[in-house]
Amino acid sequence: MKPFNGSTDLDGENLEFTFYYTHTIAGEKFFVTVTRCRQAYVFDMMEMGPGKWLILEPSPQWVKPLEEILANIIKRNTQLSF
């Protein structure tokens with residue numbers, strides 16, 4: 001699967017997330033990158049049940065409230081792929 005992007009606003013800043021698909025022994029997951037306030041961040045999201053994508057720890061504290069938004073970006077971009 002090719003990487004895809006999605007964006008959302010947080011505290012007046014437009015954040016562009018890039019999602020990279022990978023398959024692990026535990027299942028499918030996405031390696032997610034984002035830059036906020038000129039600082040790069042990386043975290044993983046994994047499917048923990050049909051269509052339930054969760055942010056794995058460690059992750060930036062500020063990204064957890066965006067979990068549902070990010071899960072919807074994954075769903076929109078993978079509907080035909082999985």
# chains A, B, ... in the order shown; residues from 1 in each chain; ligands from 1
>>> closest_atom_pairs(of="segment 21-64 of chain A", to="segment 71-76 of chain A", cutoff="9 Å", atoms="only C-alpha atoms", output="JSON lines")
{"residue": "A:Phe30", "atom": "CA", "partner": "A:Ile74", "partner_atom": "CA", "distance": 8.7}
{"residue": "A:Met45", "atom": "CA", "partner": "A:Ala71", "partner_atom": "CA", "distance": 8.4}
{"residue": "A:Gly51", "atom": "CA", "partner": "A:Lys75", "partner_atom": "CA", "distance": 7.3}
{"residue": "A:Lys52", "atom": "CA", "partner": "A:Ala71", "partner_atom": "CA", "distance": 7.3}
{"residue": "A:Trp53", "atom": "CA", "partner": "A:Ala71", "partner_atom": "CA", "distance": 5.3}
{"residue": "A:Leu54", "atom": "CA", "partner": "A:Ala71", "partner_atom": "CA", "distance": 7.3}
{"residue": "A:Ile55", "atom": "CA", "partner": "A:Ala71", "partner_atom": "CA", "distance": 8.8}
>>> write_last_selection(atoms="N, CA, C and O atoms", output="JSON list (two decimals), in the first residue's frame")
[["chain", "number", "residue", "atom", "x", "y", "z"],
["A", 30, "PHE", "N", -0.02, 1.19, 11.17],
["A", 30, "PHE", "CA", 0.49, 2.33, 10.43],
["A", 30, "PHE", "C", 1.53, 3.04, 11.26],
["A", 30, "PHE", "O", 1.36, 3.25, 12.46],
["A", 45, "MET", "N", -0.14, 3.44, 14.84],
["A", 45, "MET", "CA", -1.56, 3.16, 15.06],
["A", 45, "MET", "C", -1.80, 1.72, 14.61],
["A", 45, "MET", "O", -1.29, 1.30, 13.57],
["A", 51, "GLY", "N", -12.01, -2.33, 12.26],
["A", 51, "GLY", "CA", -12.17, -0.89, 12.04],
["A", 51, "GLY", "C", -11.85, 0.00, 13.22],
["A", 51, "GLY", "O", -12.12, 1.18, 13.19],
["A", 52, "LYS", "N", -11.27, -0.54, 14.28],
["A", 52, "LYS", "CA", -10.97, 0.25, 15.49],
["A", 52, "LYS", "C", -9.46, 0.50, 15.55],
["A", 52, "LYS", "O", -8.70, -0.32, 16.06],
["A", 53, "TRP", "N", -9.03, 1.64, 15.02],
["A", 53, "TRP", "CA", -7.62, 2.02, 14.99],
["A", 53, "TRP", "C", -7.28, 2.84, 16.21],
["A", 53, "TRP", "O", -7.93, 3.86, 16.50],
["A", 54, "LEU", "N", -6.25, 2.40, 16.95],
["A", 54, "LEU", "CA", -5.84, 3.08, 18.18],
["A", 54, "LEU", "C", -4.39, 3.54, 18.07],
["A", 54, "LEU", "O", -3.56, 2.89, 17.44],
["A", 55, "ILE", "N", -4.09, 4.65, 18.73],
["A", 55, "ILE", "CA", -2.72, 5.15, 18.82],
["A", 55, "ILE", "C", -1.99, 4.34, 19.87],
["A", 55, "ILE", "O", -2.48, 4.16, 20.99]]
>>> residues_around(residues="segment 56-70 of chain A", least_positions_apart="4", cutoff="9 Å", atoms="only C-alpha atoms", output="PDB file with N, CA and C atoms, in the first residue's frame")
ATOM      1  N   GLY A   6      -3.235  12.878   5.431  1.00  0.00           N
ATOM      2  CA  GLY A   6      -4.475  13.444   5.931  1.00  0.00           C
ATOM      3  C   GLY A   6      -4.129  14.601   6.833  1.00  0.00           C
ATOM      4  N   SER A   7      -5.026  15.554   6.939  1.00  0.00           N
ATOM      5  CA  SER A   7      -4.715  16.721   7.773  1.00  0.00           C
ATOM      6  C   SER A   7      -5.874  17.077   8.682  1.00  0.00           C
ATOM      7  N   THR A   8      -5.535  17.802   9.735  1.00  0.00           N
ATOM      8  CA  THR A   8      -6.523  18.331  10.663  1.00  0.00           C
ATOM      9  C   THR A   8      -5.901  19.539  11.349  1.00  0.00           C
ATOM     10  N   LEU A  10      -5.163  21.787  14.776  1.00  0.00           N
ATOM     11  CA  LEU A  10      -5.002  21.667  16.221  1.00  0.00           C
ATOM     12  C   LEU A  10      -4.429  22.977  16.727  1.00  0.00           C
ATOM     13  N   PHE A  17      -0.523  14.753   8.424  1.00  0.00           N
ATOM     14  CA  PHE A  17      -0.074  13.438   8.869  1.00  0.00           C
ATOM     15  C   PHE A  17       0.206  12.570   7.641  1.00  0.00           C
ATOM     16  N   TYR A  41       7.400  14.349  14.720  1.00  0.00           N
ATOM     17  CA  TYR A  41       6.915  13.322  15.645  1.00  0.00           C
ATOM     18  C   TYR A  41       6.579  12.062  14.860  1.00  0.00           C
ATOM     19  N   VAL A  42       6.734  10.915  15.513  1.00  0.00           N
ATOM     20  CA  VAL A  42       6.431   9.613  14.926  1.00  0.00           C
ATOM     21  C   VAL A  42       5.692   8.779  15.974  1.00  0.00           C
ATOM     22  N   PHE A  43       4.664   8.069  15.537  1.00  0.00           N
ATOM     23  CA  PHE A  43       3.952   7.146  16.422  1.00  0.00           C
ATOM     24  C   PHE A  43       3.280   6.090  15.566  1.00  0.00           C
ATOM     25  N   ASP A  44       2.786   5.035  16.200  1.00  0.00           N
ATOM     26  CA  ASP A  44       2.123   3.937  15.504  1.00  0.00           C
ATOM     27  C   ASP A  44       0.636   3.918  15.821  1.00  0.00           C
ATOM     28  N   MET A  45      -0.143   3.442  14.844  1.00  0.00           N
ATOM     29  CA  MET A  45      -1.560   3.158  15.056  1.00  0.00           C
ATOM     30  C   MET A  45      -1.798   1.722  14.614  1.00  0.00           C
ATOM     31  N   MET A  46      -2.561   0.985  15.414  1.00  0.00           N
ATOM     32  CA  MET A  46      -2.808  -0.423  15.127  1.00  0.00           C
ATOM     33  C   MET A  46      -4.297  -0.724  15.213  1.00  0.00           C
ATOM     34  N   ILE A  74      -7.592   6.917   8.160  1.00  0.00           N
ATOM     35  CA  ILE A  74      -7.176   5.568   7.757  1.00  0.00           C
ATOM     36  C   ILE A  74      -8.324   4.849   7.056  1.00  0.00           C
ATOM     37  N   LYS A  75      -9.505   4.893   7.646  1.00  0.00           N
ATOM     38  CA  LYS A  75     -10.659   4.199   7.066  1.00  0.00           C
ATOM     39  C   LYS A  75     -10.973   4.709   5.665  1.00  0.00           C
TER      40      LYS A  75
END
>>> residues_around(residues="Pro3 of chain A", least_positions_apart="2", cutoff="12 Å", atoms="only C-alpha atoms", output="ChimeraX atom specification")
/A:1,5-6,17-22,30-33,74,77-78,81
>>> select_by_dssp(residues="chain A", states="alpha helix (DSSP H)", output="PyMOL selection string")
chain A and resi 67-78
>>> atom_distance(atom1="atom CA of Gln39 of chain A", atom2="atom CA of Lys2 of chain A")
24.3 Å
>>> atom_distance(atom1="atom CA of Pro50 of chain A", atom2="atom CA of Asn14 of chain A")
29.1 Å
>>> atom_distance(atom1="atom CA of Gln79 of chain A", atom2="atom CA of Gly27 of chain A")
17.0 Å
